[in-house]
Amino acid sequence: MGSGGDERVERVERARAYLNQSLEYLENAFKASKDREPEKVGEFLWGSVATALKALVMAMKGMEVKNHGQLWEIARELARETGDLSIYEAFKEANFLHSNFYEFRLSLDDVKSSAERIVRLVEKLMNLTEEALKESEP
């Protein structure tokens, strides 16, 4: 039987692991951009957003995000709660880039034009996650 302290430690560790994975995806997106691989850039940007959202949910609620649909719900809810509609708009852009991985319709310039907004979203999500982790400290 786990104690509340153990559960909090696990929650923090899992949220931080998601944050680290999100940063790794961002680094990979920049590498893929240098290699001129737009489909990979978009997929890594999407991965960064998805794992940053997972980090936030883990930090705030101690829950795992199990599917793509939940990510959409979380992004909509977060935009509504914060009043920052750019969260949902950038999330939709990241999702569009995710689909480009399979269909290759966007050029590197197209992908780069969305990248700045997506990186700002990831930064917002990381900051919100850090705030949630601090609030949960004993």
# chains A, B, ... in the order shown; residues from 1 in each chain; ligands from 1
$ closest_atom_pairs --of "segment 88-122 of chain A" --to "segment 62-77 of chain A" --cutoff "12 Å" --atoms "only C-alpha atoms" --output "CSV"
residue,atom,partner,partner_atom,distance
A:Tyr88,CA,A:Ala75,CA,5.5
A:Glu89,CA,A:Ala75,CA,9.1
A:Ala90,CA,A:Ala75,CA,9.5
A:Phe91,CA,A:Ala75,CA,6.8
A:Lys92,CA,A:Trp72,CA,8.5
A:Glu93,CA,A:Trp72,CA,12.0
A:Ala94,CA,A:Trp72,CA,11.3
A:Asn95,CA,A:Trp72,CA,9.4
A:His98,CA,A:His68,CA,11.5
A:Leu121,CA,A:Ala75,CA,10.5
A:Val122,CA,A:Ala75,CA,11.8
$ write_last_selection --atoms "N, CA and C atoms" --output "PDB file, in the first residue's frame"
ATOM      1  N   TYR A  88      -5.035  26.303 -27.970  1.00  0.00           N
ATOM      2  CA  TYR A  88      -5.770  25.366 -28.811  1.00  0.00           C
ATOM      3  C   TYR A  88      -5.385  25.525 -30.284  1.00  0.00           C
ATOM      4  N   GLU A  89      -5.183  26.764 -30.711  1.00  0.00           N
ATOM      5  CA  GLU A  89      -4.807  26.997 -32.114  1.00  0.00           C
ATOM      6  C   GLU A  89      -3.452  26.367 -32.432  1.00  0.00           C
ATOM      7  N   ALA A  90      -2.481  26.535 -31.556  1.00  0.00           N
ATOM      8  CA  ALA A  90      -1.158  25.940 -31.783  1.00  0.00           C
ATOM      9  C   ALA A  90      -1.230  24.418 -31.691  1.00  0.00           C
ATOM     10  N   PHE A  91      -2.090  23.915 -30.805  1.00  0.00           N
ATOM     11  CA  PHE A  91      -2.286  22.465 -30.713  1.00  0.00           C
ATOM     12  C   PHE A  91      -2.814  21.924 -32.045  1.00  0.00           C
ATOM     13  N   LYS A  92      -3.790  22.604 -32.623  1.00  0.00           N
ATOM     14  CA  LYS A  92      -4.345  22.171 -33.917  1.00  0.00           C
ATOM     15  C   LYS A  92      -3.271  22.201 -35.005  1.00  0.00           C
ATOM     16  N   GLU A  93      -2.418  23.215 -34.984  1.00  0.00           N
ATOM     17  CA  GLU A  93      -1.323  23.282 -35.971  1.00  0.00           C
ATOM     18  C   GLU A  93      -0.374  22.096 -35.805  1.00  0.00           C
ATOM     19  N   ALA A  94      -0.047  21.785 -34.552  1.00  0.00           N
ATOM     20  CA  ALA A  94       0.844  20.651 -34.297  1.00  0.00           C
ATOM     21  C   ALA A  94       0.208  19.354 -34.795  1.00  0.00           C
ATOM     22  N   ASN A  95      -1.085  19.211 -34.586  1.00  0.00           N
ATOM     23  CA  ASN A  95      -1.772  18.016 -35.053  1.00  0.00           C
ATOM     24  C   ASN A  95      -1.736  17.934 -36.584  1.00  0.00           C
ATOM     25  N   HIS A  98       1.480  16.672 -37.596  1.00  0.00           N
ATOM     26  CA  HIS A  98       1.516  15.234 -37.318  1.00  0.00           C
ATOM     27  C   HIS A  98       0.972  14.466 -38.522  1.00  0.00           C
ATOM     28  N   LEU A 121       3.919  27.229 -27.525  1.00  0.00           N
ATOM     29  CA  LEU A 121       2.955  26.401 -26.809  1.00  0.00           C
ATOM     30  C   LEU A 121       3.670  25.449 -25.865  1.00  0.00           C
ATOM     31  N   VAL A 122       4.701  24.787 -26.349  1.00  0.00           N
ATOM     32  CA  VAL A 122       5.444  23.849 -25.499  1.00  0.00           C
ATOM     33  C   VAL A 122       6.017  24.592 -24.285  1.00  0.00           C
TER      34      VAL A 122
END
$ residues_around --residues "Glu27 of chain A" --least-positions-apart "2" --cutoff "12 Å" --atoms "only C-alpha atoms" --output "list of chain:residue names"
A:Asn20, A:Gln21, A:Ser22, A:Leu23, A:Glu24, A:Tyr25, A:Ala29, A:Phe30, A:Lys31, A:Ala32, A:Ser33, A:Lys34, A:Lys40, A:Val41, A:Phe44, A:Leu45, A:Gly47, A:Ser48, A:Val119
$ closest_residue --among "A:Glu10, A:Glu81, A:Asp109, A:Glu135" --to "Glu37 of chain A" --atoms "only C-alpha atoms"
A:Asp109
$ select_by_dssp --residues "chain A" --states "helix (DSSP H, G or I)" --output "mmCIF file with C-alpha atoms, in the first residue's frame"
data_model
loop_
_atom_site.group_PDB
_atom_site.id
_atom_site.type_symbol
_atom_site.label_atom_id
_atom_site.label_comp_id
_atom_site.auth_asym_id
_atom_site.auth_seq_id
_atom_site.Cartn_x
_atom_site.Cartn_y
_atom_site.Cartn_z
ATOM 1 C CA GLY A 4 0.535 9.882 -0.359
ATOM 2 C CA GLY A 5 4.182 10.955 -0.315
ATOM 3 C CA ASP A 6 5.195 8.031 -2.513
ATOM 4 C CA GLU A 7 2.399 8.806 -4.976
ATOM 5 C CA ARG A 8 3.455 12.463 -5.142
ATOM 6 C CA VAL A 9 7.089 11.494 -5.768
ATOM 7 C CA GLU A 10 6.034 9.135 -8.550
ATOM 8 C CA ARG A 11 3.786 11.808 -10.055
ATOM 9 C CA VAL A 12 6.610 14.360 -10.032
ATOM 10 C CA GLU A 13 9.073 11.867 -11.529
ATOM 11 C CA ARG A 14 6.644 10.921 -14.301
ATOM 12 C CA ALA A 15 5.808 14.555 -15.086
ATOM 13 C CA ARG A 16 9.514 15.404 -15.267
ATOM 14 C CA ALA A 17 10.155 12.395 -17.521
ATOM 15 C CA TYR A 18 7.469 13.700 -19.893
ATOM 16 C CA LEU A 19 9.042 17.165 -19.811
ATOM 17 C CA ASN A 20 12.445 15.719 -20.652
ATOM 18 C CA GLN A 21 10.947 13.702 -23.515
ATOM 19 C CA SER A 22 9.213 16.828 -24.815
ATOM 20 C CA LEU A 23 12.534 18.692 -24.857
ATOM 21 C CA GLU A 24 14.199 15.787 -26.633
ATOM 22 C CA TYR A 25 11.524 15.879 -29.331
ATOM 23 C CA LEU A 26 12.113 19.623 -29.766
ATOM 24 C CA GLU A 27 15.846 19.032 -30.174
ATOM 25 C CA ASN A 28 15.107 16.338 -32.743
ATOM 26 C CA ALA A 29 12.799 18.723 -34.615
ATOM 27 C CA PHE A 30 15.624 21.248 -34.933
ATOM 28 C CA LYS A 31 18.010 18.516 -36.132
ATOM 29 C CA ALA A 32 15.478 17.301 -38.703
ATOM 30 C CA SER A 33 15.053 20.890 -39.884
ATOM 31 C CA LYS A 34 18.781 21.140 -40.546
ATOM 32 C CA PRO A 38 9.782 18.502 -43.042
ATOM 33 C CA GLU A 39 7.778 15.384 -42.236
ATOM 34 C CA LYS A 40 10.122 14.544 -39.359
ATOM 35 C CA VAL A 41 10.178 18.151 -38.098
ATOM 36 C CA GLY A 42 6.393 18.137 -37.892
ATOM 37 C CA GLU A 43 6.217 14.769 -36.197
ATOM 38 C CA PHE A 44 8.791 15.769 -33.582
ATOM 39 C CA LEU A 45 6.961 19.053 -32.928
ATOM 40 C CA TRP A 46 3.735 17.109 -32.470
ATOM 41 C CA GLY A 47 5.491 14.692 -30.105
ATOM 42 C CA SER A 48 6.817 17.601 -28.087
ATOM 43 C CA VAL A 49 3.335 19.095 -27.688
ATOM 44 C CA ALA A 50 1.736 15.749 -26.845
ATOM 45 C CA THR A 51 4.292 14.856 -24.177
ATOM 46 C CA ALA A 52 4.206 18.375 -22.702
ATOM 47 C CA LEU A 53 0.422 18.016 -22.351
ATOM 48 C CA LYS A 54 0.931 14.610 -20.746
ATOM 49 C CA ALA A 55 3.377 16.193 -18.295
ATOM 50 C CA LEU A 56 0.846 18.846 -17.341
ATOM 51 C CA VAL A 57 -1.953 16.338 -16.777
ATOM 52 C CA MET A 58 0.358 14.149 -14.718
ATOM 53 C CA ALA A 59 1.501 17.123 -12.611
ATOM 54 C CA MET A 60 -2.011 18.473 -12.058
ATOM 55 C CA LYS A 61 -4.084 15.313 -11.744
ATOM 56 C CA HIS A 68 -5.292 11.117 -29.012
ATOM 57 C CA GLY A 69 -8.872 12.156 -28.235
ATOM 58 C CA GLN A 70 -7.948 12.987 -24.654
ATOM 59 C CA LEU A 71 -5.212 15.315 -25.906
ATOM 60 C CA TRP A 72 -7.813 17.265 -27.903
ATOM 61 C CA GLU A 73 -10.082 17.518 -24.845
ATOM 62 C CA ILE A 74 -7.212 18.665 -22.639
ATOM 63 C CA ALA A 75 -6.061 21.318 -25.136
ATOM 64 C CA ARG A 76 -9.630 22.690 -25.488
ATOM 65 C CA GLU A 77 -10.181 22.694 -21.731
ATOM 66 C CA LEU A 78 -6.836 24.367 -21.047
ATOM 67 C CA ALA A 79 -7.498 27.112 -23.597
ATOM 68 C CA ARG A 80 -10.912 27.702 -22.025
ATOM 69 C CA GLU A 81 -9.615 27.695 -18.434
ATOM 70 C CA THR A 82 -6.714 30.051 -19.151
ATOM 71 C CA LEU A 85 -7.038 30.539 -27.273
ATOM 72 C CA SER A 86 -3.556 30.363 -28.810
ATOM 73 C CA ILE A 87 -3.078 27.135 -26.830
ATOM 74 C CA TYR A 88 -5.770 25.366 -28.811
ATOM 75 C CA GLU A 89 -4.807 26.997 -32.114
ATOM 76 C CA ALA A 90 -1.158 25.940 -31.783
ATOM 77 C CA PHE A 91 -2.286 22.465 -30.713
ATOM 78 C CA LYS A 92 -4.345 22.171 -33.917
ATOM 79 C CA GLU A 93 -1.323 23.282 -35.971
ATOM 80 C CA ALA A 94 0.844 20.651 -34.297
ATOM 81 C CA ASN A 95 -1.772 18.016 -35.053
ATOM 82 C CA PHE A 96 -1.823 19.100 -38.711
ATOM 83 C CA LEU A 97 1.960 18.698 -38.831
ATOM 84 C CA HIS A 98 1.516 15.234 -37.318
ATOM 85 C CA SER A 99 -0.684 14.261 -40.268
ATOM 86 C CA ASN A 100 1.997 15.555 -42.645
ATOM 87 C CA PHE A 101 4.259 12.740 -41.440
ATOM 88 C CA TYR A 102 1.996 10.321 -43.308
ATOM 89 C CA GLU A 103 0.951 12.436 -46.279
ATOM 90 C CA LEU A 108 9.999 22.723 -44.902
ATOM 91 C CA ASP A 109 9.032 26.425 -45.114
ATOM 92 C CA ASP A 110 5.393 25.519 -44.378
ATOM 93 C CA VAL A 111 6.428 23.512 -41.337
ATOM 94 C CA LYS A 112 8.821 26.216 -40.115
ATOM 95 C CA SER A 113 6.039 28.813 -40.302
ATOM 96 C CA SER A 114 4.125 26.845 -37.642
ATOM 97 C CA ALA A 115 7.148 25.878 -35.567
ATOM 98 C CA GLU A 116 7.473 29.171 -33.683
ATOM 99 C CA ARG A 117 3.877 29.044 -32.419
ATOM 100 C CA ILE A 118 4.259 25.400 -31.484
ATOM 101 C CA VAL A 119 7.490 26.019 -29.585
ATOM 102 C CA ARG A 120 5.745 28.843 -27.678
ATOM 103 C CA LEU A 121 2.955 26.401 -26.809
ATOM 104 C CA VAL A 122 5.444 23.849 -25.499
ATOM 105 C CA GLU A 123 7.076 26.573 -23.373
ATOM 106 C CA LYS A 124 3.663 27.552 -21.940
ATOM 107 C CA LEU A 125 2.845 23.939 -21.164
ATOM 108 C CA MET A 126 6.208 23.421 -19.480
ATOM 109 C CA ASN A 127 5.748 26.552 -17.356
ATOM 110 C CA LEU A 128 2.243 25.461 -16.344
ATOM 111 C CA THR A 129 3.626 22.037 -15.444
ATOM 112 C CA GLU A 130 6.370 23.541 -13.284
ATOM 113 C CA GLU A 131 3.764 25.725 -11.523
ATOM 114 C CA ALA A 132 1.550 22.693 -10.898
ATOM 115 C CA LEU A 133 4.483 20.738 -9.480
ATOM 116 C CA LYS A 134 5.363 23.600 -7.121
ATOM 117 C CA GLU A 135 1.761 23.879 -5.951
#
$ decode --residues "segment 3-23 of chain A" --atoms "N, CA and C atoms" --output "PDB file, in the first residue's frame"
ATOM      1  N   SER A   3       1.965   5.278   0.144  1.00  0.00           N
ATOM      2  CA  SER A   3       1.567   6.464   0.902  1.00  0.00           C
ATOM      3  C   SER A   3       1.391   7.632  -0.052  1.00  0.00           C
ATOM      4  N   GLY A   4       0.735   8.683   0.442  1.00  0.00           N
ATOM      5  CA  GLY A   4       0.535   9.882  -0.359  1.00  0.00           C
ATOM      6  C   GLY A   4       1.844  10.486  -0.816  1.00  0.00           C
ATOM      7  N   GLY A   5       2.870  10.416   0.041  1.00  0.00           N
ATOM      8  CA  GLY A   5       4.182  10.955  -0.315  1.00  0.00           C
ATOM      9  C   GLY A   5       4.811  10.203  -1.466  1.00  0.00           C
ATOM     10  N   ASP A   6       4.659   8.858  -1.430  1.00  0.00           N
ATOM     11  CA  ASP A   6       5.195   8.031  -2.513  1.00  0.00           C
ATOM     12  C   ASP A   6       4.486   8.334  -3.830  1.00  0.00           C
ATOM     13  N   GLU A   7       3.174   8.504  -3.770  1.00  0.00           N
ATOM     14  CA  GLU A   7       2.399   8.806  -4.976  1.00  0.00           C
ATOM     15  C   GLU A   7       2.807  10.159  -5.544  1.00  0.00           C
ATOM     16  N   ARG A   8       3.037  11.147  -4.678  1.00  0.00           N
ATOM     17  CA  ARG A   8       3.455  12.463  -5.142  1.00  0.00           C
ATOM     18  C   ARG A   8       4.819  12.382  -5.807  1.00  0.00           C
ATOM     19  N   VAL A   9       5.745  11.640  -5.196  1.00  0.00           N
ATOM     20  CA  VAL A   9       7.089  11.494  -5.768  1.00  0.00           C
ATOM     21  C   VAL A   9       6.995  10.845  -7.144  1.00  0.00           C
ATOM     22  N   GLU A  10       6.183   9.802  -7.257  1.00  0.00           N
ATOM     23  CA  GLU A  10       6.034   9.135  -8.550  1.00  0.00           C
ATOM     24  C   GLU A  10       5.417  10.083  -9.578  1.00  0.00           C
ATOM     25  N   ARG A  11       4.437  10.853  -9.154  1.00  0.00           N
ATOM     26  CA  ARG A  11       3.786  11.808 -10.055  1.00  0.00           C
ATOM     27  C   ARG A  11       4.784  12.846 -10.561  1.00  0.00           C
ATOM     28  N   VAL A  12       5.597  13.362  -9.661  1.00  0.00           N
ATOM     29  CA  VAL A  12       6.610  14.360 -10.032  1.00  0.00           C
ATOM     30  C   VAL A  12       7.625  13.738 -10.987  1.00  0.00           C
ATOM     31  N   GLU A  13       8.093  12.537 -10.671  1.00  0.00           N
ATOM     32  CA  GLU A  13       9.073  11.867 -11.529  1.00  0.00           C
ATOM     33  C   GLU A  13       8.510  11.619 -12.923  1.00  0.00           C
ATOM     34  N   ARG A  14       7.253  11.199 -12.996  1.00  0.00           N
ATOM     35  CA  ARG A  14       6.644  10.921 -14.301  1.00  0.00           C
ATOM     36  C   ARG A  14       6.435  12.212 -15.083  1.00  0.00           C
ATOM     37  N   ALA A  15       5.991  13.267 -14.405  1.00  0.00           N
ATOM     38  CA  ALA A  15       5.808  14.555 -15.086  1.00  0.00           C
ATOM     39  C   ALA A  15       7.142  15.058 -15.616  1.00  0.00           C
ATOM     40  N   ARG A  16       8.186  14.957 -14.817  1.00  0.00           N
ATOM     41  CA  ARG A  16       9.514  15.404 -15.267  1.00  0.00           C
ATOM     42  C   ARG A  16      10.022  14.551 -16.433  1.00  0.00           C
ATOM     43  N   ALA A  17       9.748  13.259 -16.408  1.00  0.00           N
ATOM     44  CA  ALA A  17      10.155  12.395 -17.521  1.00  0.00           C
ATOM     45  C   ALA A  17       9.462  12.835 -18.814  1.00  0.00           C
ATOM     46  N   TYR A  18       8.182  13.188 -18.720  1.00  0.00           N
ATOM     47  CA  TYR A  18       7.469  13.700 -19.893  1.00  0.00           C
ATOM     48  C   TYR A  18       8.085  15.018 -20.363  1.00  0.00           C
ATOM     49  N   LEU A  19       8.416  15.895 -19.428  1.00  0.00           N
ATOM     50  CA  LEU A  19       9.042  17.165 -19.811  1.00  0.00           C
ATOM     51  C   LEU A  19      10.361  16.929 -20.542  1.00  0.00           C
ATOM     52  N   ASN A  20      11.160  16.029 -20.012  1.00  0.00           N
ATOM     53  CA  ASN A  20      12.445  15.719 -20.652  1.00  0.00           C
ATOM     54  C   ASN A  20      12.237  15.137 -22.048  1.00  0.00           C
ATOM     55  N   GLN A  21      11.232  14.276 -22.201  1.00  0.00           N
ATOM     56  CA  GLN A  21      10.947  13.702 -23.515  1.00  0.00           C
ATOM     57  C   GLN A  21      10.491  14.791 -24.473  1.00  0.00           C
ATOM     58  N   SER A  22       9.687  15.723 -23.986  1.00  0.00           N
ATOM     59  CA  SER A  22       9.213  16.828 -24.815  1.00  0.00           C
ATOM     60  C   SER A  22      10.392  17.660 -25.327  1.00  0.00           C
ATOM     61  N   LEU A  23      11.336  17.944 -24.445  1.00  0.00           N
ATOM     62  CA  LEU A  23      12.534  18.692 -24.857  1.00  0.00           C
ATOM     63  C   LEU A  23      13.360  17.912 -25.879  1.00  0.00           C
TER      64      LEU A  23
END
